[in-house]
Amino acid sequence: MTATVPAAFWLLPCEADAKHLRALIDALASTHGAPTFEPHLTLHVAECPVEADIGEVLGRVADRHAGLALAALATDHSEAYYKALFVNVSRELQDGPGLDALRRDLVDRLPVVGTSYPFHPHVSLLYGELTAQARSGLASRHDLQGRTLRFDRIAAVRPAPGHRDLARVAHWEVYGHRRLRT
C-alpha cells in the first residue's frame, strides 16, 4: 500500500490583491479570534502519494496556463468552519484562459488516490464559528462584488512535519509554488 499525504492545491492572488485580501483576513481574524491564512482559491484537495513530485506537476500546469482575472461575486457566509465568510468568484474570465481548464489540467496530472472534491470557486475571508447574524453582517460590510481578482500562481499545501491532516491552519505548509505563464 502506497503511503499518502493530504494536499490542497491553491490558486494564489497577485501580490497587490494578496496584500489587500491579507489585510482584510488578518483584521477579521484578530477581531474574531480566528486563525490567519494566506488568501487563496482552493482548486482541489486530495490524498497524494508521499513520493509524488508535486513540484513537477505544478510546473507543467503553470507552463500551460496564464494568470487569470476573475470577477468577485457576492460575499457570502455559511456554517462551515472554513467558509464562515467568503467571496464567491466567477468561473467566467475577464481575460485569459479558463479557470475550469486550469483546474481540469491540474487534477488530470495529479497522482491522487481516490479523492473527489466539489469545486465551488471562492476566496475565504474568515474561518471560524459565528452566529448567522454575525456572519450576515460581516458579509454585508465586506462585500467585494464587482472587484477583479487577479491570480498569478499555483501552490500545494500539506500538513507540516509531525501532523497528519489539514484540520488546523497552523499546521499547513506550502511545499510547492509556481508562477503561471505571463
# chains A, B, ... in the order shown; residues from 1 in each chain; ligands from 1
>>> residues_around(residues="Gly33 in chain A", least_positions_apart="6", cutoff="10 Å", atoms="only C-alpha atoms", output="ChimeraX atom specification")
/A:27,127-128
>>> write_last_selection(atoms="N, CA and C atoms", output="PDB file, in the first residue's frame")
ATOM      1  N   ALA A  27      -7.347  41.333   9.774  1.00  0.00           N
ATOM      2  CA  ALA A  27      -8.202  42.173  10.622  1.00  0.00           C
ATOM      3  C   ALA A  27      -9.400  41.379  11.134  1.00  0.00           C
ATOM      4  N   TYR A 127     -12.262  32.138   8.833  1.00  0.00           N
ATOM      5  CA  TYR A 127     -12.570  30.795   9.297  1.00  0.00           C
ATOM      6  C   TYR A 127     -13.117  30.927  10.707  1.00  0.00           C
ATOM      7  N   GLY A 128     -14.017  30.052  11.084  1.00  0.00           N
ATOM      8  CA  GLY A 128     -14.498  30.070  12.455  1.00  0.00           C
ATOM      9  C   GLY A 128     -15.954  29.694  12.571  1.00  0.00           C
TER      10      GLY A 128
END
>>> closest_atom_pairs(of="range 41-109 of chain A", to="range 163-169 of chain A", cutoff="12 Å", atoms="only C-alpha atoms", output="CSV")
residue,atom,partner,partner_atom,distance
A:Val45,CA,A:Leu166,CA,9.9
A:Ala46,CA,A:Leu166,CA,10.8
A:Glu47,CA,A:Asp165,CA,10.1
A:Val50,CA,A:Arg164,CA,11.9
A:Tyr81,CA,A:Ala167,CA,10.3
A:Tyr82,CA,A:Val169,CA,9.8
>>> write_last_selection(atoms="N, CA and C atoms", output="PDB file, in the first residue's frame")
ATOM      1  N   VAL A  45      -8.523  19.295  -3.424  1.00  0.00           N
ATOM      2  CA  VAL A  45      -7.984  18.676  -2.204  1.00  0.00           C
ATOM      3  C   VAL A  45      -7.972  17.182  -2.457  1.00  0.00           C
ATOM      4  N   ALA A  46      -6.843  16.533  -2.158  1.00  0.00           N
ATOM      5  CA  ALA A  46      -6.713  15.107  -2.462  1.00  0.00           C
ATOM      6  C   ALA A  46      -5.663  14.454  -1.585  1.00  0.00           C
ATOM      7  N   GLU A  47      -5.666  13.133  -1.592  1.00  0.00           N
ATOM      8  CA  GLU A  47      -4.586  12.338  -0.998  1.00  0.00           C
ATOM      9  C   GLU A  47      -3.597  12.061  -2.124  1.00  0.00           C
ATOM     10  N   VAL A  50       3.156  10.029  -1.086  1.00  0.00           N
ATOM     11  CA  VAL A  50       4.228  10.795  -0.441  1.00  0.00           C
ATOM     12  C   VAL A  50       5.363  11.062  -1.411  1.00  0.00           C
ATOM     13  N   TYR A  81     -16.912  25.786   8.946  1.00  0.00           N
ATOM     14  CA  TYR A  81     -15.784  26.449   9.598  1.00  0.00           C
ATOM     15  C   TYR A  81     -14.894  27.182   8.598  1.00  0.00           C
ATOM     16  N   TYR A  82     -14.514  26.515   7.510  1.00  0.00           N
ATOM     17  CA  TYR A  82     -13.589  27.109   6.541  1.00  0.00           C
ATOM     18  C   TYR A  82     -14.274  28.041   5.548  1.00  0.00           C
TER      19      TYR A  82
END
>>> select_by_dssp(residues="chain A", states="alpha helix (DSSP H)", output="PyMOL selection string")
chain A and resi 15-32+54-64+99-109+132-141
>>> write_last_selection(atoms="C-alpha atoms", output="short mmCIF file (atom, residue, chain, number, x, y, z; two decimals), in the first residue's frame")
data_model
loop_
_atom_site.label_atom_id
_atom_site.label_comp_id
_atom_site.auth_asym_id
_atom_site.auth_seq_id
_atom_site.Cartn_x
_atom_site.Cartn_y
_atom_site.Cartn_z
CA GLU A 15 0.75 40.47 -4.84
CA ALA A 16 -1.42 43.62 -4.98
CA ASP A 17 -4.65 41.65 -4.49
CA ALA A 18 -3.00 39.34 -1.95
CA LYS A 19 -1.91 42.35 0.10
CA HIS A 20 -5.45 43.75 0.21
CA LEU A 21 -7.02 40.36 0.99
CA ARG A 22 -4.36 39.51 3.59
CA ALA A 23 -5.03 42.78 5.45
CA LEU A 24 -8.77 42.02 5.48
CA ILE A 25 -8.23 38.39 6.57
CA ASP A 26 -5.82 39.46 9.33
CA ALA A 27 -8.20 42.17 10.62
CA LEU A 28 -11.18 39.80 10.67
CA ALA A 29 -9.11 37.07 12.35
CA SER A 30 -7.91 39.48 15.03
CA THR A 31 -11.41 40.78 15.72
CA HIS A 32 -13.00 37.32 15.88
CA ILE A 54 4.20 17.73 -6.91
CA GLY A 55 6.64 20.46 -7.95
CA GLU A 56 6.87 18.90 -11.40
CA VAL A 57 3.08 18.69 -11.69
CA LEU A 58 2.70 22.35 -10.69
CA GLY A 59 5.45 23.35 -13.11
CA ARG A 60 3.77 21.62 -16.04
CA VAL A 61 0.41 23.20 -15.25
CA ALA A 62 1.95 26.65 -14.71
CA ASP A 63 3.77 26.44 -18.06
CA ARG A 64 0.47 25.75 -19.86
CA LEU A 99 -10.41 28.64 -14.58
CA ASP A 100 -12.09 25.30 -15.23
CA ALA A 101 -9.46 24.41 -17.86
CA LEU A 102 -6.63 25.14 -15.42
CA ARG A 103 -8.28 23.11 -12.67
CA ARG A 104 -9.01 20.20 -15.01
CA ASP A 105 -5.39 20.18 -16.22
CA LEU A 106 -4.13 20.16 -12.62
CA VAL A 107 -6.48 17.39 -11.48
CA ASP A 108 -5.69 15.26 -14.54
CA ARG A 109 -1.96 15.46 -13.78
CA ALA A 132 -25.68 33.52 11.35
CA GLN A 133 -26.47 37.11 12.31
CA ALA A 134 -22.78 37.95 12.82
CA ARG A 135 -21.79 36.27 9.55
CA SER A 136 -24.55 38.05 7.64
CA GLY A 137 -23.45 41.43 8.99
CA LEU A 138 -19.83 40.74 8.05
CA ALA A 139 -20.84 39.66 4.55
CA SER A 140 -22.68 42.97 4.07
CA ARG A 141 -19.81 45.07 5.43
#
>>> select_by_dssp(residues="chain A", states="strand (DSSP E or B)", output="number ranges by chain")
A: 4-13, 41-49, 66, 68-77, 85-95, 122-126, 148-159, 172-179, 181
>>> residues_around(residues="Gln145 in chain A", least_positions_apart="5", cutoff="12 Å", atoms="only C-alpha atoms", output="list in words")
Leu70, Ala71, Ala72, Leu73, Ala74, Thr75, Asp76, Phe86, Val87, Asn88, Val89, Ser90, His122, Ala139 and Ser140 of chain A
>>> write_last_selection(atoms="N, CA and C atoms", output="PDB file, in the first residue's frame")
ATOM      1  N   LEU A  70     -10.421  37.225 -12.498  1.00  0.00           N
ATOM      2  CA  LEU A  70     -11.753  36.709 -12.204  1.00  0.00           C
ATOM      3  C   LEU A  70     -12.559  37.754 -11.439  1.00  0.00           C
ATOM      4  N   ALA A  71     -13.840  37.801 -11.710  1.00  0.00           N
ATOM      5  CA  ALA A  71     -14.719  38.748 -11.032  1.00  0.00           C
ATOM      6  C   ALA A  71     -15.134  38.211  -9.667  1.00  0.00           C
ATOM      7  N   ALA A  72     -15.025  39.064  -8.673  1.00  0.00           N
ATOM      8  CA  ALA A  72     -15.559  38.738  -7.355  1.00  0.00           C
ATOM      9  C   ALA A  72     -17.075  38.897  -7.425  1.00  0.00           C
ATOM     10  N   LEU A  73     -17.763  37.884  -6.947  1.00  0.00           N
ATOM     11  CA  LEU A  73     -19.217  37.943  -6.864  1.00  0.00           C
ATOM     12  C   LEU A  73     -19.572  38.349  -5.434  1.00  0.00           C
ATOM     13  N   ALA A  74     -20.766  38.087  -5.017  1.00  0.00           N
ATOM     14  CA  ALA A  74     -21.203  38.496  -3.682  1.00  0.00           C
ATOM     15  C   ALA A  74     -20.371  37.828  -2.587  1.00  0.00           C
ATOM     16  N   THR A  75     -20.107  38.568  -1.526  1.00  0.00           N
ATOM     17  CA  THR A  75     -19.514  37.989  -0.332  1.00  0.00           C
ATOM     18  C   THR A  75     -20.633  37.257   0.390  1.00  0.00           C
ATOM     19  N   ASP A  76     -20.348  36.046   0.833  1.00  0.00           N
ATOM     20  CA  ASP A  76     -21.370  35.192   1.411  1.00  0.00           C
ATOM     21  C   ASP A  76     -20.853  34.589   2.715  1.00  0.00           C
ATOM     22  N   PHE A  86     -16.829  34.323   2.973  1.00  0.00           N
ATOM     23  CA  PHE A  86     -16.070  34.081   1.751  1.00  0.00           C
ATOM     24  C   PHE A  86     -16.628  34.885   0.586  1.00  0.00           C
ATOM     25  N   VAL A  87     -15.778  35.099  -0.404  1.00  0.00           N
ATOM     26  CA  VAL A  87     -16.155  35.794  -1.625  1.00  0.00           C
ATOM     27  C   VAL A  87     -16.304  34.747  -2.724  1.00  0.00           C
ATOM     28  N   ASN A  88     -17.483  34.648  -3.279  1.00  0.00           N
ATOM     29  CA  ASN A  88     -17.658  33.786  -4.445  1.00  0.00           C
ATOM     30  C   ASN A  88     -16.890  34.393  -5.610  1.00  0.00           C
ATOM     31  N   VAL A  89     -16.334  33.543  -6.454  1.00  0.00           N
ATOM     32  CA  VAL A  89     -15.557  34.001  -7.594  1.00  0.00           C
ATOM     33  C   VAL A  89     -16.154  33.402  -8.861  1.00  0.00           C
ATOM     34  N   SER A  90     -16.307  34.236  -9.868  1.00  0.00           N
ATOM     35  CA  SER A  90     -16.887  33.797 -11.131  1.00  0.00           C
ATOM     36  C   SER A  90     -15.972  32.814 -11.847  1.00  0.00           C
ATOM     37  N   HIS A 122     -14.143  30.135  -4.640  1.00  0.00           N
ATOM     38  CA  HIS A 122     -14.336  31.195  -3.647  1.00  0.00           C
ATOM     39  C   HIS A 122     -12.998  31.505  -2.992  1.00  0.00           C
ATOM     40  N   ALA A 139     -20.727  39.793   6.001  1.00  0.00           N
ATOM     41  CA  ALA A 139     -20.843  39.662   4.547  1.00  0.00           C
ATOM     42  C   ALA A 139     -21.297  40.982   3.925  1.00  0.00           C
ATOM     43  N   SER A 140     -22.213  41.669   4.579  1.00  0.00           N
ATOM     44  CA  SER A 140     -22.683  42.967   4.065  1.00  0.00           C
ATOM     45  C   SER A 140     -21.591  44.024   4.133  1.00  0.00           C
TER      46      SER A 140
END
